[in-house]
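Dumped protein.csv below, it's CSV, C-alpha atoms and all ligand atoms:
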```
chain,number,residue,atom,x,y,z
A,6,MET,CA,-162.4,-25.2,-16.0
A,7,ALA,CA,-160.6,-25.9,-12.7
A,8,LEU,CA,-162.6,-27.7,-10.1
A,9,ARG,CA,-163.7,-25.2,-7.4
A,10,VAL,CA,-163.7,-26.3,-3.8
A,11,GLY,CA,-165.2,-24.0,-1.1
A,12,VAL,CA,-164.0,-24.5,2.4
A,13,ILE,CA,-166.1,-23.2,5.3
A,14,GLY,CA,-163.9,-21.9,8.1
A,15,GLY,CA,-160.8,-19.9,7.9
A,16,GLY,CA,-158.5,-21.6,10.4
A,17,GLN,CA,-155.2,-23.5,10.0
A,18,LEU,CA,-156.8,-26.6,8.5
A,19,ALA,CA,-158.2,-24.5,5.6
A,20,ARG,CA,-154.8,-22.7,5.3
A,21,MET,CA,-153.0,-26.0,4.9
A,22,MET,CA,-155.4,-27.1,2.1
A,23,ILE,CA,-154.3,-24.1,0.0
A,24,ALA,CA,-150.9,-25.4,-1.2
A,25,PRO,CA,-152.1,-28.8,-2.2
A,26,ALA,CA,-155.1,-27.3,-3.9
A,27,VAL,CA,-152.8,-25.0,-6.0
A,28,GLU,CA,-150.6,-28.1,-6.9
A,29,LEU,CA,-153.7,-30.0,-8.0
A,30,GLY,CA,-155.0,-27.1,-10.0
A,31,ILE,CA,-158.0,-26.8,-7.8
A,32,ASP,CA,-159.5,-23.4,-7.3
A,33,ILE,CA,-159.9,-23.1,-3.5
A,34,ARG,CA,-162.1,-20.6,-1.9
A,35,VAL,CA,-162.6,-20.0,1.8
A,36,LEU,CA,-165.4,-18.5,3.9
A,37,ALA,CA,-163.5,-17.1,6.9
A,38,GLU,CA,-165.2,-16.1,10.2
A,39,SER,CA,-163.2,-12.8,10.3
A,40,GLU,CA,-160.5,-10.8,8.6
A,41,GLY,CA,-156.9,-11.9,9.0
A,42,MET,CA,-157.5,-15.5,9.8
A,43,SER,CA,-155.0,-18.3,9.0
A,44,ALA,CA,-156.5,-19.1,5.6
A,45,GLN,CA,-156.9,-15.4,4.5
A,46,LEU,CA,-154.8,-16.0,1.4
A,47,ALA,CA,-157.7,-18.0,-0.1
A,48,ALA,CA,-160.5,-16.2,1.7
A,49,THR,CA,-163.0,-15.0,-0.9
A,50,ALA,CA,-165.6,-14.2,1.7
A,51,VAL,CA,-165.8,-13.3,5.4
A,52,GLY,CA,-169.0,-14.0,7.3
A,53,ASP,CA,-171.0,-16.1,9.7
A,54,TYR,CA,-171.2,-19.8,8.7
A,55,ARG,CA,-174.4,-20.1,10.8
A,56,ASP,CA,-176.2,-17.7,8.5
A,57,LEU,CA,-177.8,-19.5,5.6
A,58,GLU,CA,-177.7,-16.6,3.2
A,59,THR,CA,-174.1,-15.9,3.9
A,60,VAL,CA,-173.2,-19.5,3.2
A,61,ARG,CA,-175.5,-19.6,0.1
A,62,ALA,CA,-173.8,-16.6,-1.4
A,63,PHE,CA,-170.3,-18.2,-0.7
A,64,VAL,CA,-171.2,-21.5,-2.3
A,65,ARG,CA,-172.9,-20.1,-5.3
A,66,ASP,CA,-170.1,-20.8,-7.7
A,67,VAL,CA,-168.2,-23.7,-6.2
A,68,ASP,CA,-168.4,-27.4,-7.2
A,69,VAL,CA,-167.9,-28.9,-3.8
A,70,VAL,CA,-168.2,-27.6,-0.2
A,71,THR,CA,-166.1,-28.9,2.6
A,72,PHE,CA,-165.0,-27.7,6.1
A,73,ASP,CA,-162.3,-26.5,8.4
A,74,HIS,CA,-164.4,-27.4,11.5
A,75,GLU,CA,-167.6,-29.3,12.3
A,76,HIS,CA,-169.7,-26.4,13.6
A,77,VAL,CA,-171.9,-25.5,10.5
A,78,PRO,CA,-175.5,-26.1,11.7
A,79,GLN,CA,-177.4,-29.0,10.3
A,80,GLU,CA,-180.2,-26.6,9.1
A,81,VAL,CA,-177.6,-24.8,6.9
A,82,LEU,CA,-176.1,-28.0,5.6
A,83,ARG,CA,-179.5,-29.5,4.8
A,84,ALA,CA,-180.6,-26.3,3.0
A,85,LEU,CA,-177.5,-26.5,0.8
A,86,ILE,CA,-178.2,-30.1,-0.1
A,87,ALA,CA,-181.8,-29.1,-1.0
A,88,ASP,CA,-180.3,-26.4,-3.2
A,89,GLY,CA,-178.4,-29.1,-5.0
A,90,VAL,CA,-174.9,-28.3,-3.6
A,91,SER,CA,-172.4,-31.0,-3.2
A,92,VAL,CA,-171.4,-31.1,0.5
A,93,HIS,CA,-168.6,-33.4,1.9
A,94,PRO,CA,-168.8,-34.7,4.5
A,95,GLY,CA,-172.6,-34.5,4.3
A,96,PRO,CA,-174.9,-33.6,7.2
A,97,ASP,CA,-175.9,-37.2,7.8
A,98,ALA,CA,-172.3,-38.1,8.6
A,99,LEU,CA,-171.3,-34.8,10.1
A,100,GLN,CA,-174.0,-34.9,12.8
A,101,PHE,CA,-171.9,-37.7,14.5
A,102,ALA,CA,-168.9,-35.4,14.8
A,103,GLN,CA,-171.1,-32.5,16.0
A,104,ASP,CA,-172.8,-34.3,18.9
A,105,LYS,CA,-171.0,-36.7,21.1
A,106,LEU,CA,-174.3,-38.3,22.4
A,107,ASP,CA,-175.4,-39.0,18.8
A,108,MET,CA,-172.0,-40.4,18.1
A,109,ARG,CA,-172.1,-42.8,21.1
A,110,ALA,CA,-175.6,-44.0,20.2
A,111,ARG,CA,-174.6,-44.6,16.5
A,112,LEU,CA,-171.4,-46.4,17.4
A,113,THR,CA,-173.3,-48.6,19.8
A,114,GLU,CA,-175.6,-49.6,16.9
A,115,LEU,CA,-172.6,-50.3,14.7
A,116,GLY,CA,-171.0,-52.5,17.5
A,117,VAL,CA,-167.8,-50.4,17.6
A,118,PRO,CA,-165.8,-50.8,20.9
A,119,GLN,CA,-166.1,-47.7,23.1
A,120,PRO,CA,-166.2,-46.8,26.8
A,121,ASP,CA,-169.3,-47.5,28.8
A,122,TRP,CA,-171.5,-44.4,28.4
A,123,ALA,CA,-174.9,-43.0,29.3
A,124,ARG,CA,-177.1,-40.0,28.5
A,125,VAL,CA,-177.8,-38.2,31.8
A,126,GLU,CA,-180.3,-35.5,32.3
A,127,ASN,CA,-179.9,-34.8,36.0
A,128,ILE,CA,-177.7,-35.4,39.0
A,129,ASP,CA,-179.5,-38.5,40.1
A,130,GLU,CA,-178.9,-40.2,36.7
A,131,LEU,CA,-175.2,-39.2,36.9
A,132,GLN,CA,-175.0,-40.6,40.5
A,133,ALA,CA,-176.4,-43.9,39.4
A,134,PHE,CA,-173.7,-44.1,36.7
A,135,LEU,CA,-171.0,-43.2,39.2
A,136,ASP,CA,-172.3,-45.9,41.6
A,137,ASP,CA,-172.1,-48.5,38.8
A,138,HIS,CA,-168.5,-47.4,37.8
A,139,GLY,CA,-166.5,-47.2,41.0
A,140,GLY,CA,-167.3,-43.6,41.8
A,141,SER,CA,-165.4,-41.8,39.0
A,142,ALA,CA,-166.4,-40.9,35.5
A,143,VAL,CA,-165.9,-38.4,32.7
A,144,VAL,CA,-168.7,-36.0,31.9
A,145,LYS,CA,-168.8,-34.2,28.6
A,146,THR,CA,-171.0,-31.5,27.0
A,147,PRO,CA,-172.3,-33.2,23.8
A,148,ARG,CA,-171.7,-30.2,21.6
A,149,GLY,CA,-169.1,-27.4,21.0
A,150,GLY,CA,-166.2,-28.9,23.0
A,151,TYR,CA,-162.6,-28.8,21.7
A,152,ASP,CA,-159.1,-29.2,23.1
A,153,GLY,CA,-160.5,-30.6,26.4
A,154,LYS,CA,-163.0,-27.8,27.0
A,155,GLY,CA,-166.3,-29.5,27.8
A,156,VAL,CA,-164.7,-32.6,29.4
A,157,ARG,CA,-164.5,-33.0,33.1
A,158,VAL,CA,-163.5,-35.9,35.4
A,159,VAL,CA,-166.0,-36.2,38.2
A,160,HIS,CA,-165.9,-38.1,41.5
A,161,SER,CA,-169.3,-37.0,42.7
A,162,ALA,CA,-172.5,-36.0,40.8
A,163,ASP,CA,-172.2,-32.5,42.4
A,164,ASP,CA,-169.0,-32.0,40.4
A,165,ALA,CA,-171.2,-31.4,37.3
A,166,ALA,CA,-173.9,-29.4,39.1
A,167,ASP,CA,-173.1,-26.2,37.2
A,168,TRP,CA,-173.4,-28.0,33.8
A,169,PHE,CA,-176.8,-29.5,34.8
A,170,ALA,CA,-177.9,-26.0,35.8
A,171,ARG,CA,-177.0,-24.7,32.3
A,172,LEU,CA,-179.1,-27.5,30.8
A,173,SER,CA,-182.2,-26.4,32.7
A,174,THR,CA,-182.0,-22.9,31.1
A,175,GLY,CA,-183.5,-24.6,28.1
A,176,SER,CA,-181.2,-22.9,25.6
A,177,ALA,CA,-180.7,-24.9,22.4
A,178,ALA,CA,-176.9,-24.5,22.6
A,179,ALA,CA,-176.8,-26.2,26.1
A,180,GLY,CA,-178.9,-29.1,24.9
A,181,ASP,CA,-181.0,-31.2,27.2
A,182,ALA,CA,-178.6,-33.9,28.5
A,183,LEU,CA,-174.9,-34.6,29.2
A,184,LEU,CA,-172.8,-37.5,28.2
A,185,VAL,CA,-171.1,-39.5,30.9
A,186,GLU,CA,-168.4,-42.1,30.2
A,187,GLU,CA,-166.4,-44.6,32.2
A,188,LEU,CA,-163.1,-43.2,33.2
A,189,VAL,CA,-160.9,-45.3,30.9
A,190,SER,CA,-157.6,-46.5,32.3
A,191,PHE,CA,-155.5,-46.1,29.2
A,192,ARG,CA,-151.9,-46.8,28.3
A,193,ARG,CA,-151.8,-44.2,25.6
A,194,GLU,CA,-154.0,-42.4,23.0
A,195,LEU,CA,-153.9,-43.3,19.4
A,196,ALA,CA,-155.5,-42.0,16.2
A,197,GLN,CA,-156.6,-43.7,13.0
A,198,GLN,CA,-157.2,-41.7,9.8
A,199,ILE,CA,-159.2,-42.9,6.9
A,200,ALA,CA,-159.9,-41.1,3.7
A,201,ARG,CA,-163.2,-42.1,1.9
A,202,ARG,CA,-164.6,-40.9,-1.4
A,203,PRO,CA,-168.3,-40.5,-2.2
A,204,SER,CA,-167.9,-43.6,-4.4
A,205,GLY,CA,-166.8,-45.6,-1.3
A,206,GLN,CA,-163.1,-46.0,-2.1
A,207,MET,CA,-161.1,-45.8,1.2
A,208,VAL,CA,-157.4,-45.6,2.1
A,209,ALA,CA,-156.0,-45.9,5.6
A,210,TYR,CA,-153.1,-44.2,7.2
A,211,PRO,CA,-151.0,-46.1,9.7
A,212,VAL,CA,-152.4,-45.7,13.3
A,213,VAL,CA,-150.4,-43.1,15.2
A,214,GLU,CA,-149.8,-42.3,18.9
A,215,THR,CA,-151.0,-38.9,20.1
A,216,VAL,CA,-149.8,-37.2,23.3
A,217,GLN,CA,-152.1,-34.6,24.9
A,218,ARG,CA,-151.0,-32.1,27.5
A,219,ASP,CA,-153.8,-30.1,29.3
A,220,GLY,CA,-156.3,-31.6,26.9
A,221,VAL,CA,-154.4,-30.3,23.9
A,222,CYS,CA,-152.5,-32.4,21.3
A,223,ALA,CA,-148.8,-31.8,21.9
A,224,GLU,CA,-147.0,-34.5,19.9
A,225,VAL,CA,-147.7,-37.3,17.4
A,226,PHE,CA,-145.6,-40.3,16.5
A,227,ALA,CA,-146.2,-42.2,13.3
A,228,PRO,CA,-146.7,-45.1,13.1
A,229,ALA,CA,-147.6,-45.7,16.8
A,230,PRO,CA,-144.3,-47.0,18.3
A,231,GLY,CA,-144.4,-50.6,19.3
A,232,ALA,CA,-147.7,-51.3,17.6
A,233,GLY,CA,-147.9,-54.9,16.5
A,234,ASP,CA,-149.6,-56.1,13.3
A,235,ARG,CA,-152.8,-57.0,15.2
A,236,LEU,CA,-153.2,-53.6,16.8
A,237,VAL,CA,-152.6,-51.9,13.4
A,238,GLN,CA,-155.2,-54.1,11.8
A,239,VAL,CA,-157.8,-53.6,14.5
A,240,ALA,CA,-157.4,-49.8,14.5
A,241,GLU,CA,-157.7,-49.8,10.7
A,242,GLY,CA,-160.7,-52.0,10.9
A,243,ILE,CA,-162.4,-49.7,13.3
A,244,GLY,CA,-161.7,-46.7,11.1
A,245,ARG,CA,-163.0,-48.4,8.0
A,246,GLN,CA,-166.1,-49.6,9.8
A,247,ILE,CA,-166.9,-46.1,11.0
A,248,ALA,CA,-166.1,-44.4,7.7
A,249,ASP,CA,-168.3,-46.8,5.8
A,250,GLY,CA,-171.0,-47.1,8.5
A,251,LEU,CA,-171.5,-43.4,8.8
A,252,GLY,CA,-170.9,-42.6,5.1
A,253,VAL,CA,-168.1,-40.2,5.8
A,254,THR,CA,-166.6,-38.4,2.8
A,255,GLY,CA,-163.2,-36.7,3.1
A,256,ILE,CA,-160.8,-37.5,6.0
A,257,LEU,CA,-162.1,-39.2,9.1
A,258,ALA,CA,-159.9,-39.1,12.2
A,259,VAL,CA,-160.8,-41.7,14.9
A,260,GLU,CA,-159.3,-40.9,18.3
A,261,LEU,CA,-158.7,-44.1,20.3
A,262,PHE,CA,-157.7,-45.2,23.7
A,263,GLU,CA,-155.3,-48.1,24.0
A,264,THR,CA,-156.4,-49.5,27.4
A,265,ASP,CA,-154.1,-51.0,30.0
A,266,ASP,CA,-155.6,-54.4,29.1
A,267,GLU,CA,-154.8,-53.9,25.4
A,268,ARG,CA,-158.2,-53.1,24.0
A,269,LEU,CA,-158.9,-50.2,21.6
A,270,LEU,CA,-161.9,-48.0,22.5
A,271,VAL,CA,-163.2,-45.0,20.4
A,272,ASN,CA,-162.9,-41.7,22.1
A,273,GLU,CA,-164.2,-39.3,19.4
A,274,LEU,CA,-164.4,-38.6,15.8
A,275,ALA,CA,-163.3,-35.7,13.5
A,276,MET,CA,-164.5,-35.4,9.9
A,277,ARG,CA,-161.8,-33.2,8.4
A,278,PRO,CA,-158.0,-33.1,8.4
A,279,HIS,CA,-157.0,-33.4,12.1
A,280,ASN,CA,-154.0,-32.5,14.2
A,281,SER,CA,-153.1,-36.2,14.5
A,282,GLY,CA,-152.6,-36.3,10.7
A,283,HIS,CA,-150.3,-33.3,10.3
A,284,TRP,CA,-147.2,-35.6,10.2
A,285,SER,CA,-148.5,-36.9,6.9
A,286,GLN,CA,-147.7,-33.6,5.1
A,287,ASP,CA,-144.0,-34.5,5.2
A,288,GLY,CA,-144.1,-38.1,6.3
A,289,ALA,CA,-146.5,-39.8,3.9
A,290,VAL,CA,-146.7,-40.2,0.2
A,291,THR,CA,-150.0,-38.3,0.2
A,292,GLY,CA,-150.5,-35.7,3.0
A,293,GLN,CA,-153.9,-35.5,4.6
A,294,PHE,CA,-154.7,-32.1,3.2
A,295,GLU,CA,-154.2,-33.2,-0.4
A,296,GLN,CA,-156.0,-36.4,0.5
A,297,HIS,CA,-159.0,-34.6,1.9
A,298,LEU,CA,-159.3,-32.5,-1.3
A,299,ARG,CA,-159.0,-35.6,-3.5
A,300,ALA,CA,-161.7,-37.4,-1.4
A,301,VAL,CA,-164.2,-34.5,-1.3
A,302,ALA,CA,-163.7,-33.9,-5.1
A,303,ASP,CA,-164.2,-37.7,-5.7
A,304,LEU,CA,-160.8,-38.0,-7.3
A,305,PRO,CA,-158.8,-41.2,-7.0
A,306,LEU,CA,-157.2,-41.3,-3.5
A,307,GLY,CA,-153.4,-41.1,-3.0
A,308,ASP,CA,-151.1,-43.6,-1.4
A,309,ALA,CA,-151.2,-43.1,2.4
A,310,SER,CA,-148.0,-45.1,3.1
A,311,PRO,CA,-145.2,-43.5,5.2
A,312,ARG,CA,-142.2,-42.2,3.2
A,313,ALA,CA,-139.8,-43.1,6.0
A,314,GLN,CA,-139.9,-45.5,8.8
A,315,TRP,CA,-140.8,-42.9,11.4
A,316,ALA,CA,-142.4,-39.4,11.5
A,317,ALA,CA,-143.0,-37.1,14.4
A,318,MET,CA,-145.1,-33.9,14.7
A,319,VAL,CA,-144.6,-31.4,17.6
A,320,ASN,CA,-147.1,-28.6,18.0
A,321,ILE,CA,-145.9,-25.1,18.6
A,322,LEU,CA,-148.2,-24.0,21.4
A,323,GLY,CA,-148.3,-20.3,22.5
A,324,GLY,CA,-145.6,-19.2,20.1
A,325,PRO,CA,-142.7,-16.7,20.6
A,326,ALA,CA,-143.3,-14.6,23.7
A,327,GLU,CA,-141.3,-11.8,22.0
A,328,GLY,CA,-140.7,-11.1,18.4
A,329,SER,CA,-142.2,-13.0,15.5
A,330,PHE,CA,-141.9,-16.4,14.0
A,331,GLU,CA,-139.7,-15.0,11.3
A,332,ASP,CA,-137.2,-13.9,13.8
A,333,ARG,CA,-136.7,-17.5,14.9
A,334,PHE,CA,-136.5,-19.1,11.5
A,335,GLU,CA,-132.8,-18.4,11.0
A,336,ALA,CA,-131.7,-20.4,14.1
A,337,ALA,CA,-134.3,-23.2,13.8
A,338,MET,CA,-133.6,-23.7,10.1
A,339,SER,CA,-129.8,-23.6,10.4
A,340,GLU,CA,-129.7,-26.0,13.3
A,341,HIS,CA,-132.4,-28.4,11.9
A,342,PRO,CA,-132.3,-28.4,8.1
A,343,ASP,CA,-134.3,-31.6,8.1
A,344,ALA,CA,-137.2,-30.2,10.1
A,345,LYS,CA,-140.3,-29.0,8.3
A,346,ILE,CA,-141.7,-25.9,10.0
A,347,HIS,CA,-145.4,-25.0,9.4
A,348,THR,CA,-146.8,-21.8,10.8
A,349,TYR,CA,-150.5,-20.7,10.9
A,350,GLY,CA,-150.2,-16.9,10.7
A,351,LYS,CA,-151.9,-16.6,14.1
A,352,VAL,CA,-151.2,-14.2,16.9
A,353,ALA,CA,-149.4,-16.1,19.7
A,354,ARG,CA,-151.3,-16.6,22.9
A,355,PRO,CA,-150.5,-19.0,25.8
A,356,GLY,CA,-151.6,-22.5,24.9
A,357,ARG,CA,-152.8,-21.6,21.4
A,358,LYS,CA,-151.8,-23.8,18.5
A,359,VAL,CA,-149.8,-21.5,16.2
A,360,GLY,CA,-147.8,-23.9,14.2
A,361,HIS,CA,-146.1,-27.3,14.2
A,362,VAL,CA,-142.9,-29.0,13.2
A,363,ASN,CA,-142.6,-32.3,11.3
A,364,ALA,CA,-139.6,-34.6,11.0
A,365,ALA,CA,-139.3,-38.0,9.3
A,366,GLY,CA,-136.5,-40.6,9.0
A,367,ASP,CA,-135.4,-44.0,9.9
A,368,ASP,CA,-134.5,-43.5,13.6
A,369,LEU,CA,-137.4,-42.7,15.9
A,370,ASP,CA,-135.2,-41.0,18.6
A,371,ASP,CA,-133.6,-38.8,16.0
A,372,VAL,CA,-136.8,-37.8,14.4
A,373,VAL,CA,-138.5,-37.0,17.7
A,374,TYR,CA,-135.4,-35.0,18.8
A,375,THR,CA,-135.3,-33.0,15.6
A,376,ALA,CA,-139.0,-32.1,15.8
A,377,ARG,CA,-138.9,-31.2,19.5
A,378,ALA,CA,-135.7,-29.2,19.2
A,379,ALA,CA,-136.8,-27.2,16.2
A,380,ALA,CA,-140.2,-26.5,17.8
A,381,ALA,CA,-138.5,-25.3,20.9
A,382,HIS,CA,-137.0,-22.4,19.0
A,383,PHE,CA,-140.5,-20.9,18.7
A,384,ALA,CA,-141.5,-21.3,22.4
B,1,LIG,P1,-162.3,-32.7,23.0
B,1,LIG,O1,-163.6,-32.8,22.2
B,1,LIG,O2,-162.2,-31.5,23.8
B,1,LIG,O3,-161.1,-33.0,22.2
B,1,LIG,P2,-162.2,-35.4,24.1
B,1,LIG,O4,-163.5,-36.1,24.3
B,1,LIG,O5,-161.3,-35.8,23.1
B,1,LIG,O6,-162.5,-33.8,24.1
B,1,LIG,O7,-161.5,-35.5,25.5
B,1,LIG,C1,-160.2,-34.8,25.8
B,1,LIG,C2,-159.3,-35.7,26.5
B,1,LIG,O8,-159.8,-36.1,27.8
B,1,LIG,C3,-158.9,-37.0,25.8
B,1,LIG,O9,-157.9,-36.8,24.9
B,1,LIG,C4,-158.5,-37.9,27.0
B,1,LIG,O10,-157.2,-37.6,27.3
B,1,LIG,C5,-159.5,-37.4,28.1
B,1,LIG,N1,-160.7,-38.3,28.1
B,1,LIG,C6,-161.8,-38.1,27.3
B,1,LIG,N2,-162.7,-39.1,27.6
B,1,LIG,C7,-162.1,-39.9,28.5
B,1,LIG,C8,-162.5,-41.1,29.2
B,1,LIG,N3,-163.8,-41.7,28.9
B,1,LIG,N4,-161.7,-41.7,30.0
B,1,LIG,C9,-160.5,-41.2,30.3
B,1,LIG,N5,-160.0,-40.0,29.7
B,1,LIG,C10,-160.8,-39.4,28.8
```
What's the structure tokens form of this structure?
Amino acid sequence: MALRVGVIGGGQLARMMIAPAVELGIDIRVLAESEGMSAQLAATAVGDYRDLETVRAFVRDVDVVTFDHEHVPQEVLRALIADGVSVHPGPDALQFAQDKLDMRARLTELGVPQPDWARVENIDELQAFLDDHGGSAVVKTPRGGYDGKGVRVVHSADDAADWFARLSTGSAAAGDALLVEELVSFRRELAQQIARRPSGQMVAYPVVETVQRDGVCAEVFAPAPGAGDRLVQVAEGIGRQIADGLGVTGILAVELFETDDERLLVNELAMRPHNSGHWSQDGAVTGQFEQHLRAVADLPLGDASPRAQWAAMVNILGGPAEGSFEDRFEAAMSEHPDAKIHTYGKVARPGRKVGHVNAAGDDLDDVVYTARAAAAHFA
């Protein structure tokens, strides 16, 4: 009988697992948060992933559970484990992608390079950090942030007064402390992806450059242009150390800063296919969605090498202001037959990720031009 993989979360990451699952003969099932989500084609259930009974009913007849996001509560994950369900990544690993304070503390234990950081419970503690770090810092809410929400550059402790006020309400969602980090002076942002099986086998993708606009990933270049052998090795080493050290299963994405003085520091972790790895769908021998399925199912991992010298990924943010994607296909496809267009079946809204375009080839400028020009048809 076909292996059954249950994905919790009905967004575009689950959607992009569907085609590789079909190819591999995997029976994929999705628990979507609501009707009409990106992954509705495989949605066998709709419900709240925070509700244990809803999740229990969904996983009843799957072999492996995995995720489209990191938000399933620890209590739910641990109850599934107690029920004997195979969950990848497991709660012990996932907690470090759910809580940025836990992640910083654990990476410190592992000796992984990262920005200076502290846990701060009040304005005085934040002020002390600012005084030690030249008067500027980055404050983050430990949980629930995405696309730059929950991240703020501060120049005075009062700049985070509203967030401290929320902490004092005592709600569990707010937590009891904020994370403060040094304001890193970086040359660019990079991302390292590693796939790891429950048995411990790992494969590494080449380190890529990511470009963020307004806190949202806009473009990715693979491999990171101008990266020397040393940088590539150090990034891969950091990725492997974290994947192994935290016991991650599935795809791990490590977001990195390349500092002005040429160090690599870990920004944050994602334990699922990640926007920084979309290029691999069309630019690597094994795309990250197939690789994630192989890893969580404990199947032999695929080759993560690039198929061409360069790949570029350009996100479609916002989408067509008028008409639909389909209206734009004709022009985009006829002008850029070498571009790979991926759409998420989402309603266009300003700044929302609704699709992306990949291109791959032997000339970086050509590849970037093609991906940008094809994506521009959908703006
Ligand atoms: P999110 O969880 O919302 O993706 P991140 O922690 O990745 O948030 O931060 C979003 C962006 O903010 C990063 O991509 C980076 O550009 C910037 N940033 C985050 N932390 C720092 C830091 N310590 N120093 C400088 N810039 C930072």
Taking all atoms listed in the file into account, list the residues no farther than 7 Å from ligand LIG 1 (chain B), as a PDB file with C-alpha atoms, in the coordinates of the input.
```pdb
ATOM      1  CA  PRO A 120    -166.200 -46.800  26.800  1.00  0.00           C
ATOM      2  CA  VAL A 143    -165.900 -38.400  32.700  1.00  0.00           C
ATOM      3  CA  GLY A 150    -166.200 -28.900  23.000  1.00  0.00           C
ATOM      4  CA  TYR A 151    -162.600 -28.800  21.700  1.00  0.00           C
ATOM      5  CA  ASP A 152    -159.100 -29.200  23.100  1.00  0.00           C
ATOM      6  CA  GLY A 153    -160.500 -30.600  26.400  1.00  0.00           C
ATOM      7  CA  LYS A 154    -163.000 -27.800  27.000  1.00  0.00           C
ATOM      8  CA  GLY A 155    -166.300 -29.500  27.800  1.00  0.00           C
ATOM      9  CA  VAL A 156    -164.700 -32.600  29.400  1.00  0.00           C
ATOM     10  CA  GLU A 186    -168.400 -42.100  30.200  1.00  0.00           C
ATOM     11  CA  GLU A 187    -166.400 -44.600  32.200  1.00  0.00           C
ATOM     12  CA  LEU A 188    -163.100 -43.200  33.200  1.00  0.00           C
ATOM     13  CA  VAL A 189    -160.900 -45.300  30.900  1.00  0.00           C
ATOM     14  CA  SER A 190    -157.600 -46.500  32.300  1.00  0.00           C
ATOM     15  CA  GLN A 217    -152.100 -34.600  24.900  1.00  0.00           C
ATOM     16  CA  GLY A 220    -156.300 -31.600  26.900  1.00  0.00           C
ATOM     17  CA  ASN A 272    -162.900 -41.700  22.100  1.00  0.00           C
ATOM     18  CA  GLU A 273    -164.200 -39.300  19.400  1.00  0.00           C
TER      19      GLU A 273
END
```
Do a neighbour search on Pro325 (chain A) at 10 Å with all atoms listed in the file, toss out local chain neighbours closer than 5 positions, and write the hits as JSON, numbers by chain.
-> {"A": [330, 331, 332, 333, 352, 353, 354, 355, 359, 381, 382, 383, 384]}
Long-range neighbours of Glu80 (chain A) as a PyMOL selection string, 10 Å cut-off, only C-alpha atoms, 3 positions minimum in chain | chain A and resi 55-57+77+83-85+96
Could you pull the residues within 9 Å of Val185 (chain A), counting all atoms listed in the file, minus those fewer than 4 positions along the same chain, as a ChimeraX atom specification?
-> /A:121-125,131,134,142-146
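In this model, the gap between CA of Asp88 (chain A) and CA of Arg65 (chain A) comes to 9.9 Å.
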May I have the residues within 12 Å of Val10 (chain A) as a count of residues only, using only C-alpha atoms and disregarding those fewer than 6 positions away in the same chain?
-> 38
Tell me which protein, DNA and RNA residues are within 9 Å of Met318 (chain A), counting only C-alpha atoms, leaving out same-chain ones fewer than 4 positions away, and put them as a ChimeraX atom specification.
-> /A:223-227,281-284,361-365,373,376-377
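In terms of minimum interatomic distance to Asp219 (chain A), A:Gly356 ranks closest within A:Gly356, A:Gly350, A:Gly139, A:Gly14, counting all atoms listed in the file.
Between CA of Phe294 (chain A) and CA of Met21 (chain A) the separation is 6.6 Å.
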